[in-house]
$ cat coords.csv   # CSV, C-alpha atoms
chain,number,residue,atom,x,y,z
A,1,ASP,CA,0.0,0.0,0.0
A,2,THR,CA,1.4,3.3,-1.1
A,3,ALA,CA,1.7,5.8,1.8
A,4,VAL,CA,1.8,9.0,-0.2
A,5,SER,CA,0.5,8.8,-3.7
A,6,GLN,CA,0.4,11.4,-6.5
A,7,THR,CA,-1.4,11.5,-9.8
A,8,PRO,CA,-0.5,11.8,-12.5
A,9,LYS,CA,3.1,10.6,-12.6
A,10,TYR,CA,3.8,12.5,-15.8
A,11,LEU,CA,2.1,15.5,-17.2
A,12,VAL,CA,2.9,17.2,-20.5
A,13,THR,CA,1.0,20.3,-21.4
A,14,GLN,CA,1.2,23.5,-23.3
A,15,MET,CA,1.9,27.0,-22.1
A,16,GLY,CA,-1.2,28.8,-20.9
A,17,ASN,CA,-3.1,25.7,-19.9
A,18,ASP,CA,-4.5,25.0,-16.4
A,19,LYS,CA,-3.6,21.7,-14.7
A,20,SER,CA,-4.0,19.9,-11.4
A,21,ILE,CA,-1.8,17.4,-9.5
A,22,LYS,CA,-3.5,15.3,-6.9
A,23,CYS,CA,-1.9,14.0,-3.7
A,24,GLU,CA,-3.3,11.5,-1.1
A,25,GLN,CA,-1.8,10.1,2.0
A,26,ASN,CA,-3.1,7.1,3.9
A,27,LEU,CA,-0.9,7.6,7.0
A,28,GLY,CA,-3.4,9.5,9.0
A,29,HIS,CA,-1.0,12.5,9.1
A,30,ASP,CA,-2.2,16.0,9.9
A,31,THR,CA,0.2,18.0,7.7
A,32,MET,CA,0.9,17.9,4.0
A,33,TYR,CA,3.4,19.7,1.8
A,34,TRP,CA,4.2,20.5,-1.8
A,35,TYR,CA,7.8,20.7,-3.0
A,36,LYS,CA,9.3,21.6,-6.3
A,37,GLN,CA,12.5,20.2,-7.7
A,38,ASP,CA,13.8,22.1,-10.7
A,39,SER,CA,16.2,21.0,-13.5
A,40,LYS,CA,19.2,21.7,-11.3
A,41,LYS,CA,17.8,19.2,-8.7
A,42,PHE,CA,17.2,21.8,-6.0
A,43,LEU,CA,14.2,20.9,-3.8
A,44,LYS,CA,12.2,23.8,-2.5
A,45,ILE,CA,9.2,23.8,-0.3
A,46,MET,CA,6.1,25.6,-1.8
A,47,PHE,CA,3.2,25.1,0.6
A,48,SER,CA,2.3,23.3,3.8
A,49,TYR,CA,-1.2,22.6,5.1
A,50,ASN,CA,-2.1,21.4,8.6
A,51,ASN,CA,-5.6,20.1,9.1
A,52,LYS,CA,-6.7,21.8,5.9
A,53,GLU,CA,-5.2,25.1,7.0
A,54,LEU,CA,-2.4,26.8,5.1
A,55,ILE,CA,0.6,27.3,7.3
A,56,ILE,CA,3.6,27.7,5.0
A,57,ASN,CA,3.5,29.7,1.7
A,58,GLU,CA,6.9,30.2,0.3
A,59,THR,CA,6.3,33.2,-2.0
A,60,VAL,CA,5.0,31.1,-4.8
A,61,PRO,CA,3.2,32.9,-7.7
A,62,ASN,CA,-0.5,33.0,-7.2
A,63,ARG,CA,-1.0,31.0,-10.3
A,64,PHE,CA,-0.3,28.1,-7.9
A,65,SER,CA,-3.3,27.3,-5.7
A,66,PRO,CA,-3.2,24.4,-3.3
A,67,LYS,CA,-6.5,23.0,-2.2
A,68,SER,CA,-7.0,20.6,0.7
A,69,PRO,CA,-10.5,19.1,0.7
A,70,ASP,CA,-9.7,17.0,3.8
A,71,LYS,CA,-6.5,16.3,5.7
A,72,ALA,CA,-5.7,13.2,3.6
A,73,HIS,CA,-5.6,15.2,0.4
A,74,LEU,CA,-3.7,18.2,-0.9
A,75,ASN,CA,-4.1,19.0,-4.5
A,76,LEU,CA,-2.1,21.6,-6.5
A,77,HIS,CA,-3.8,23.6,-9.2
A,78,ILE,CA,-1.6,25.6,-11.6
A,79,ASN,CA,-3.1,28.3,-13.8
A,80,SER,CA,-1.6,29.7,-17.0
A,81,LEU,CA,1.3,27.3,-17.1
A,82,GLU,CA,4.7,28.8,-18.0
A,83,LEU,CA,7.8,27.1,-19.3
A,84,GLY,CA,9.5,27.7,-16.0
A,85,ASP,CA,6.9,25.6,-14.2
A,86,SER,CA,8.5,22.5,-15.7
A,87,ALA,CA,9.8,20.5,-12.8
A,88,VAL,CA,9.2,17.5,-10.6
A,89,TYR,CA,6.6,18.2,-7.9
A,90,PHE,CA,6.7,16.2,-4.7
A,91,CYS,CA,3.9,15.9,-2.2
A,92,ALA,CA,4.8,15.0,1.4
A,93,SER,CA,3.1,14.4,4.7
A,94,SER,CA,4.0,14.3,8.4
A,95,GLN,CA,2.4,13.8,11.7
A,96,ASP,CA,2.7,17.1,13.4
A,97,ALA,CA,1.3,17.2,16.9
A,98,GLY,CA,0.8,20.7,18.4
A,99,ASP,CA,4.0,22.6,17.8
A,100,LYS,CA,6.2,19.6,17.3
A,101,SER,CA,7.0,18.3,13.8
A,102,TYR,CA,8.1,14.9,12.7
A,103,GLU,CA,9.8,13.3,9.7
A,104,GLN,CA,8.2,13.8,6.3
A,105,TYR,CA,7.2,11.0,4.0
A,106,PHE,CA,7.4,11.9,0.3
A,107,GLY,CA,5.3,10.8,-2.7
A,108,PRO,CA,6.9,9.5,-5.9
A,109,GLY,CA,6.7,12.8,-7.7
A,110,THR,CA,4.9,14.3,-10.7
A,111,ARG,CA,7.1,15.3,-13.6
A,112,LEU,CA,5.5,18.3,-15.3
A,113,THR,CA,6.7,19.4,-18.7
A,114,VAL,CA,5.4,22.6,-20.2
A,115,THR,CA,6.0,23.0,-23.9
B,1,ASP,CA,19.3,29.1,2.2
B,2,ALA,CA,20.4,25.8,3.6
B,3,LYS,CA,22.3,26.0,6.9
B,4,THR,CA,24.5,23.0,6.1
B,5,THR,CA,27.5,22.3,4.0
B,6,GLN,CA,28.3,18.9,2.6
B,7,PRO,CA,30.8,17.6,0.1
B,8,THR,CA,29.4,17.5,-3.4
B,9,SER,CA,30.2,13.8,-4.0
B,10,MET,CA,31.8,10.7,-2.4
B,11,ASP,CA,32.6,7.2,-3.5
B,12,CYS,CA,32.3,4.1,-1.3
B,13,ALA,CA,33.2,0.5,-2.0
B,14,GLU,CA,30.3,-2.0,-1.7
B,15,GLY,CA,30.2,-3.6,1.7
B,16,ARG,CA,32.3,-0.9,3.4
B,17,ALA,CA,31.0,1.8,5.7
B,18,ALA,CA,30.0,5.1,4.1
B,19,ASN,CA,30.7,8.1,6.3
B,20,LEU,CA,29.0,11.3,5.1
B,21,PRO,CA,30.0,14.5,6.8
B,22,CYS,CA,27.9,17.6,7.3
B,23,ASN,CA,28.8,21.0,8.8
B,24,HIS,CA,26.1,23.1,10.5
B,25,SER,CA,28.1,25.6,12.5
B,26,THR,CA,25.2,28.0,13.0
B,27,ILE,CA,22.8,25.4,14.3
B,28,SER,CA,20.4,26.7,17.1
B,29,GLY,CA,19.5,25.0,20.3
B,30,ASN,CA,16.1,24.0,19.1
B,31,GLU,CA,17.2,22.7,15.7
B,32,TYR,CA,17.5,19.0,15.0
B,33,VAL,CA,19.8,17.4,12.4
B,34,TYR,CA,17.9,15.4,9.8
B,35,TRP,CA,19.1,13.2,7.0
B,36,TYR,CA,17.2,12.3,3.9
B,37,ARG,CA,18.2,10.6,0.7
B,38,GLN,CA,16.9,10.7,-2.8
B,39,ILE,CA,17.5,7.7,-5.0
B,40,HIS,CA,17.4,8.6,-8.7
B,41,SER,CA,13.9,9.8,-9.8
B,42,GLN,CA,12.3,8.9,-6.5
B,43,GLY,CA,10.9,11.0,-3.7
B,44,PRO,CA,13.2,11.9,-0.8
B,45,GLN,CA,13.3,9.2,1.9
B,46,TYR,CA,13.8,9.9,5.6
B,47,ILE,CA,16.8,8.2,7.2
B,48,ILE,CA,17.4,9.5,10.7
B,49,HIS,CA,17.5,12.5,12.9
B,50,GLY,CA,19.0,13.7,16.2
B,51,LEU,CA,19.3,16.6,18.5
B,52,LYS,CA,22.6,16.1,20.4
B,53,ASN,CA,22.9,12.4,21.2
B,54,ASN,CA,24.1,9.8,18.7
B,55,GLU,CA,21.3,7.9,17.1
B,56,THR,CA,21.0,4.5,15.4
B,57,ASN,CA,18.2,2.9,13.5
B,58,GLU,CA,17.9,0.0,11.0
B,59,MET,CA,19.2,2.2,8.2
B,60,ALA,CA,22.1,4.2,9.6
B,61,SER,CA,23.8,5.8,12.5
B,62,LEU,CA,24.1,9.5,13.2
B,63,ILE,CA,27.1,10.9,15.1
B,64,ILE,CA,26.7,14.5,16.3
B,65,THR,CA,29.7,16.3,17.7
B,66,GLU,CA,29.5,17.6,21.3
B,67,ASP,CA,29.4,21.3,20.1
B,68,ARG,CA,26.7,20.2,17.5
B,69,LYS,CA,28.5,22.1,14.8
B,70,SER,CA,28.9,19.0,12.6
B,71,SER,CA,27.6,15.5,12.2
B,72,THR,CA,28.3,12.3,10.3
B,73,LEU,CA,25.9,9.9,8.8
B,74,ILE,CA,27.2,6.3,8.7
B,75,LEU,CA,25.8,3.6,6.5
B,76,PRO,CA,27.6,0.6,8.1
B,77,HIS,CA,27.6,-1.7,5.1
B,78,ALA,CA,26.9,0.2,1.9
B,79,THR,CA,25.2,-1.6,-1.0
B,80,LEU,CA,24.7,-0.6,-4.6
B,81,ARG,CA,21.1,0.4,-3.7
B,82,ASP,CA,22.5,3.1,-1.3
B,83,THR,CA,23.7,5.1,-4.3
B,84,ALA,CA,21.8,8.3,-3.9
B,85,VAL,CA,21.9,12.0,-3.0
B,86,TYR,CA,22.1,12.4,0.7
B,87,TYR,CA,20.8,15.6,2.3
B,88,CYS,CA,21.7,16.9,5.7
B,89,ILE,CA,19.1,19.4,7.0
B,90,VAL,CA,18.9,21.4,10.2
B,91,ARG,CA,15.3,21.9,11.1
B,92,VAL,CA,13.3,23.6,13.8
B,93,ALA,CA,11.2,20.8,15.2
B,94,TYR,CA,8.9,22.7,17.6
B,95,GLY,CA,7.6,26.0,18.7
B,96,SER,CA,8.1,28.1,15.6
B,97,SER,CA,6.2,29.2,12.6
B,98,ASN,CA,8.9,27.5,10.5
B,99,THR,CA,8.2,24.2,12.2
B,100,GLY,CA,8.0,21.5,9.5
B,101,LYS,CA,10.0,23.4,6.9
B,102,LEU,CA,12.7,21.4,5.3
B,103,ILE,CA,15.3,23.4,3.4
B,104,PHE,CA,17.3,21.2,1.1
B,105,GLY,CA,20.8,22.0,0.0
B,106,GLN,CA,22.8,20.4,-2.8
B,107,GLY,CA,23.5,17.3,-0.8
B,108,THR,CA,26.2,14.7,-1.3
B,109,THR,CA,26.0,12.3,-4.2
B,110,LEU,CA,27.2,9.0,-2.9
B,111,GLN,CA,28.3,6.5,-5.5
B,112,VAL,CA,28.6,3.0,-4.1
B,113,LYS,CA,30.9,0.9,-6.4
B,114,PRO,CA,31.2,-2.8,-6.7
$ encode --input "coords.csv" --output "structure tokens"
Amino acid sequence: DTAVSQTPKYLVTQMGNDKSIKCEQNLGHDTMYWYKQDSKKFLKIMFSYNNKELIINETVPNRFSPKSPDKAHLNLHINSLELGDSAVYFCASSQDAGDKSYEQYFGPGTRLTVT
Amino acid sequence: DAKTTQPTSMDCAEGRAANLPCNHSTISGNEYVYWYRQIHSQGPQYIIHGLKNNETNEMASLIITEDRKSSTLILPHATLRDTAVYYCIVRVAYGSSNTGKLIFGQGTTLQVKP
């Protein structure tokens, strides 16, 4: 059973389109994250949600809108896709209790290619 | 910016111990040292973490110096499947608005050779 899953695994689309990436975790965790890994392999945090509430937003363009329908899901919607959005996007989750944070478990990634 | 510095790459012979160093000279009292690895094209994988005592689990050991300014991740018997990029991260684990935030640096690319 996959702990953190993402769909789709690959996404190829044209500039200007709107696309969504879905993430689900079956670990019962309270906190979920989105990270972006660019072509130079740097991993950067984008967002974090705790119990459906946004707690970290790392100056990401507002074309990116995370949505958390429940604490097991955190989807990433991207409007007006640009070439620079091409990257691998990773979802992660962790069991954060109160003000203490624990290790994060990552999904397999979604490779987004914008042409 | 990442608060750690690591060598860019290292080689290790299969079956030998891999010792991966990390410097974190500006670490604060409430920051833990975490290690993750990323095997090619996969999501990062948690390995181990510690505050000031040495830690060991089924994957690795973590040795933290007494002044906490550096640490070493030890893979006791490296296998070819341990070839990956290893990230050392210092992270606030409690009581901060930055709790939970992982800042990845370049990491160390470990190549395990037969």
$ closest_residue --input "coords.csv" --among "B:Arg68, B:Arg37, B:Arg16, B:His77" --to "B:Gly50" --atoms "all atoms listed in the file"
B:Arg68
$ closest_atom_pairs --input "coords.csv" --of "chain A" --to "chain B" --cutoff "8 Å" --atoms "all atoms listed in the file" --output "tab-separated table"
residue	atom	partner	partner_atom	distance
A:Lys41	CA	B:Gln106	CA	7.8
A:Phe42	CA	B:Gln106	CA	6.6
A:Leu43	CA	B:Phe104	CA	5.8
A:Lys44	CA	B:Ile103	CA	6.7
A:Ile45	CA	B:Leu102	CA	7.0
A:Ile55	CA	B:Ser97	CA	7.9
A:Ile56	CA	B:Asn98	CA	7.6
A:Phe90	CA	B:Gly43	CA	6.8
A:Asp96	CA	B:Gly100	CA	7.9
A:Asp99	CA	B:Tyr94	CA	4.9
A:Lys100	CA	B:Tyr94	CA	4.1
A:Ser101	CA	B:Ala93	CA	5.1
A:Tyr102	CA	B:Ala93	CA	7.1
A:Glu103	CA	B:Tyr46	CA	6.7
A:Gln104	CA	B:Tyr46	CA	6.9
A:Tyr105	CA	B:Gln45	CA	6.7
A:Phe106	CA	B:Gly43	CA	5.4
A:Gly107	CA	B:Gly43	CA	5.7
A:Pro108	CA	B:Gly43	CA	4.8
A:Gly109	CA	B:Gly43	CA	6.1
$ residues_near_point --input "coords.csv" --point "(25.4, 20.7, 0.3)" --cutoff "8 Å" --atoms "all atoms listed in the file" --output "list in words"
Ala2, Thr4, Thr5, Gln6, Pro7, Thr8, Tyr87, Cys88, Gly105, Gln106, Gly107 and Thr108 of chain B
$ closest_residue --input "coords.csv" --among "A:Thr7, A:Thr110, A:Thr115, A:Asn79" --to "A:Gln37" --atoms "all atoms listed in the file"
A:Thr110
$ atom_distance --input "coords.csv" --atom1 "atom CA of B:Ser70" --atom2 "atom CA of B:Glu14"
25.4 Å
$ atom_distance --input "coords.csv" --atom1 "atom CA of B:Asn54" --atom2 "atom CA of B:His24"
15.8 Å
$ residues_around --input "coords.csv" --residues "stretch 12-24 of chain A" --least-positions-apart "5" --cutoff "6 Å" --atoms "only C-alpha atoms" --output "list in words"
Val4, Ser5, Gln6, Thr7, Ala72, His73, Leu74, Asn75, Leu76, His77, Ile78, Asn79, Ser80, Leu81, Glu82, Leu112, Thr113, Val114 and Thr115 of chain A
$ residues_near_point --input "coords.csv" --point "(18.5, 3.8, -7.5)" --cutoff "8 Å" --atoms "all atoms listed in the file" --output "list in words"
Ile39, His40, Ser41, Arg81, Asp82, Thr83 and Ala84 of chain B
$ closest_residue --input "coords.csv" --among "B:Leu73, B:Ile63, B:Ala78, B:Val90" --to "B:Asp11" --atoms "only C-alpha atoms"
B:Ala78
$ atom_distance --input "coords.csv" --atom1 "atom CA of B:Cys22" --atom2 "atom CA of B:Ile74"
11.4 Å
$ residues_around --input "coords.csv" --residues "A:Tyr33" --least-positions-apart "3" --cutoff "8 Å" --atoms "only C-alpha atoms" --output "number ranges by chain"
A: 45-49, 74, 91-93
$ write_last_selection --input "coords.csv" --atoms "C-alpha atoms" --output "compact mmCIF listing (two decimals), in the frame of the given file"
# COMPACT_ATOMS: atom_id res chain seq x y z
CA ILE A 45 9.20 23.80 -0.30
CA MET A 46 6.10 25.60 -1.80
CA PHE A 47 3.20 25.10 0.60
CA SER A 48 2.30 23.30 3.80
CA TYR A 49 -1.20 22.60 5.10
CA LEU A 74 -3.70 18.20 -0.90
CA CYS A 91 3.90 15.90 -2.20
CA ALA A 92 4.80 15.00 1.40
CA SER A 93 3.10 14.40 4.70
$ decode --input "coords.csv" --residues "stretch 14-41 of chain B" --atoms "N, CA, C and O atoms" --output "compact mmCIF listing (two decimals), in the first residue's frame"
# COMPACT_ATOMS: atom_id res chain seq x y z
N GLU B 14 31.38 -1.13 -2.16
CA GLU B 14 30.29 -1.96 -1.67
C GLU B 14 30.74 -2.81 -0.49
O GLU B 14 31.83 -3.38 -0.50
N GLY B 15 29.90 -2.85 0.56
CA GLY B 15 30.23 -3.63 1.74
C GLY B 15 31.00 -2.85 2.80
O GLY B 15 31.07 -3.29 3.95
N ARG B 16 31.56 -1.72 2.41
CA ARG B 16 32.28 -0.90 3.38
C ARG B 16 31.35 0.13 3.99
O ARG B 16 30.25 0.38 3.48
N ALA B 17 31.81 0.72 5.08
CA ALA B 17 31.01 1.78 5.71
C ALA B 17 31.13 3.07 4.90
O ALA B 17 32.22 3.44 4.46
N ALA B 18 30.02 3.75 4.74
CA ALA B 18 30.02 5.07 4.10
C ALA B 18 29.83 6.11 5.20
O ALA B 18 28.87 6.02 5.98
N ASN B 19 30.77 7.05 5.27
CA ASN B 19 30.70 8.10 6.28
C ASN B 19 30.48 9.44 5.58
O ASN B 19 31.37 9.92 4.88
N LEU B 20 29.33 10.01 5.77
CA LEU B 20 28.99 11.25 5.08
C LEU B 20 29.01 12.42 6.08
O LEU B 20 28.19 12.45 6.99
N PRO B 21 29.91 13.38 5.88
CA PRO B 21 30.01 14.50 6.84
C PRO B 21 29.07 15.64 6.49
O PRO B 21 28.66 15.81 5.34
N CYS B 22 28.78 16.43 7.52
CA CYS B 22 27.93 17.60 7.34
C CYS B 22 28.34 18.66 8.35
O CYS B 22 28.53 18.36 9.53
N ASN B 23 28.52 19.89 7.89
CA ASN B 23 28.81 21.00 8.79
C ASN B 23 27.57 21.86 8.97
O ASN B 23 26.89 22.20 7.99
N HIS B 24 27.28 22.19 10.20
CA HIS B 24 26.14 23.06 10.52
C HIS B 24 26.53 23.95 11.68
O HIS B 24 25.96 23.88 12.77
N SER B 25 27.50 24.80 11.42
CA SER B 25 28.12 25.60 12.49
C SER B 25 27.18 26.63 13.11
O SER B 25 27.45 27.12 14.21
N THR B 26 26.10 26.98 12.42
CA THR B 26 25.19 28.01 12.96
C THR B 26 23.91 27.39 13.54
O THR B 26 22.91 28.07 13.73
N ILE B 27 23.95 26.11 13.83
CA ILE B 27 22.76 25.43 14.34
C ILE B 27 22.31 26.05 15.65
O ILE B 27 23.14 26.43 16.50
N SER B 28 21.00 26.18 15.82
CA SER B 28 20.44 26.73 17.05
C SER B 28 20.06 25.61 18.00
O SER B 28 19.97 24.44 17.61
N GLY B 29 19.82 26.02 19.26
CA GLY B 29 19.54 25.02 20.28
C GLY B 29 18.30 24.19 20.04
O GLY B 29 18.22 23.05 20.50
N ASN B 30 17.32 24.73 19.33
CA ASN B 30 16.08 23.99 19.11
C ASN B 30 16.02 23.38 17.71
O ASN B 30 14.94 23.02 17.23
N GLU B 31 17.14 23.28 17.06
CA GLU B 31 17.18 22.69 15.73
C GLU B 31 17.75 21.27 15.77
O GLU B 31 18.79 21.03 16.39
N TYR B 32 17.07 20.38 15.09
CA TYR B 32 17.51 19.01 14.96
C TYR B 32 18.31 18.87 13.67
O TYR B 32 18.15 19.65 12.72
N VAL B 33 19.11 17.82 13.61
CA VAL B 33 19.80 17.44 12.38
C VAL B 33 19.03 16.28 11.77
O VAL B 33 18.83 15.25 12.43
N TYR B 34 18.58 16.46 10.55
CA TYR B 34 17.85 15.42 9.81
C TYR B 34 18.68 14.99 8.60
O TYR B 34 19.37 15.80 7.98
N TRP B 35 18.54 13.71 8.27
CA TRP B 35 19.14 13.20 7.05
C TRP B 35 18.05 12.55 6.20
O TRP B 35 17.25 11.74 6.70
N TYR B 36 18.03 12.94 4.93
CA TYR B 36 17.17 12.33 3.93
C TYR B 36 18.06 11.88 2.77
O TYR B 36 19.17 12.39 2.60
N ARG B 37 17.55 10.99 1.97
CA ARG B 37 18.25 10.65 0.73
C ARG B 37 17.25 10.58 -0.41
O ARG B 37 16.05 10.36 -0.19
N GLN B 38 17.77 10.78 -1.62
CA GLN B 38 16.93 10.71 -2.80
C GLN B 38 17.62 9.81 -3.81
O GLN B 38 18.67 10.18 -4.37
N ILE B 39 17.03 8.66 -3.98
CA ILE B 39 17.50 7.73 -5.00
C ILE B 39 16.93 8.21 -6.33
O ILE B 39 15.80 8.70 -6.38
N HIS B 40 17.71 8.04 -7.38
CA HIS B 40 17.38 8.63 -8.68
C HIS B 40 15.90 8.53 -9.03
O HIS B 40 15.32 7.47 -9.01
N SER B 41 15.32 9.72 -9.30
CA SER B 41 13.94 9.84 -9.80
C SER B 41 12.87 9.48 -8.77
O SER B 41 11.70 9.40 -9.12
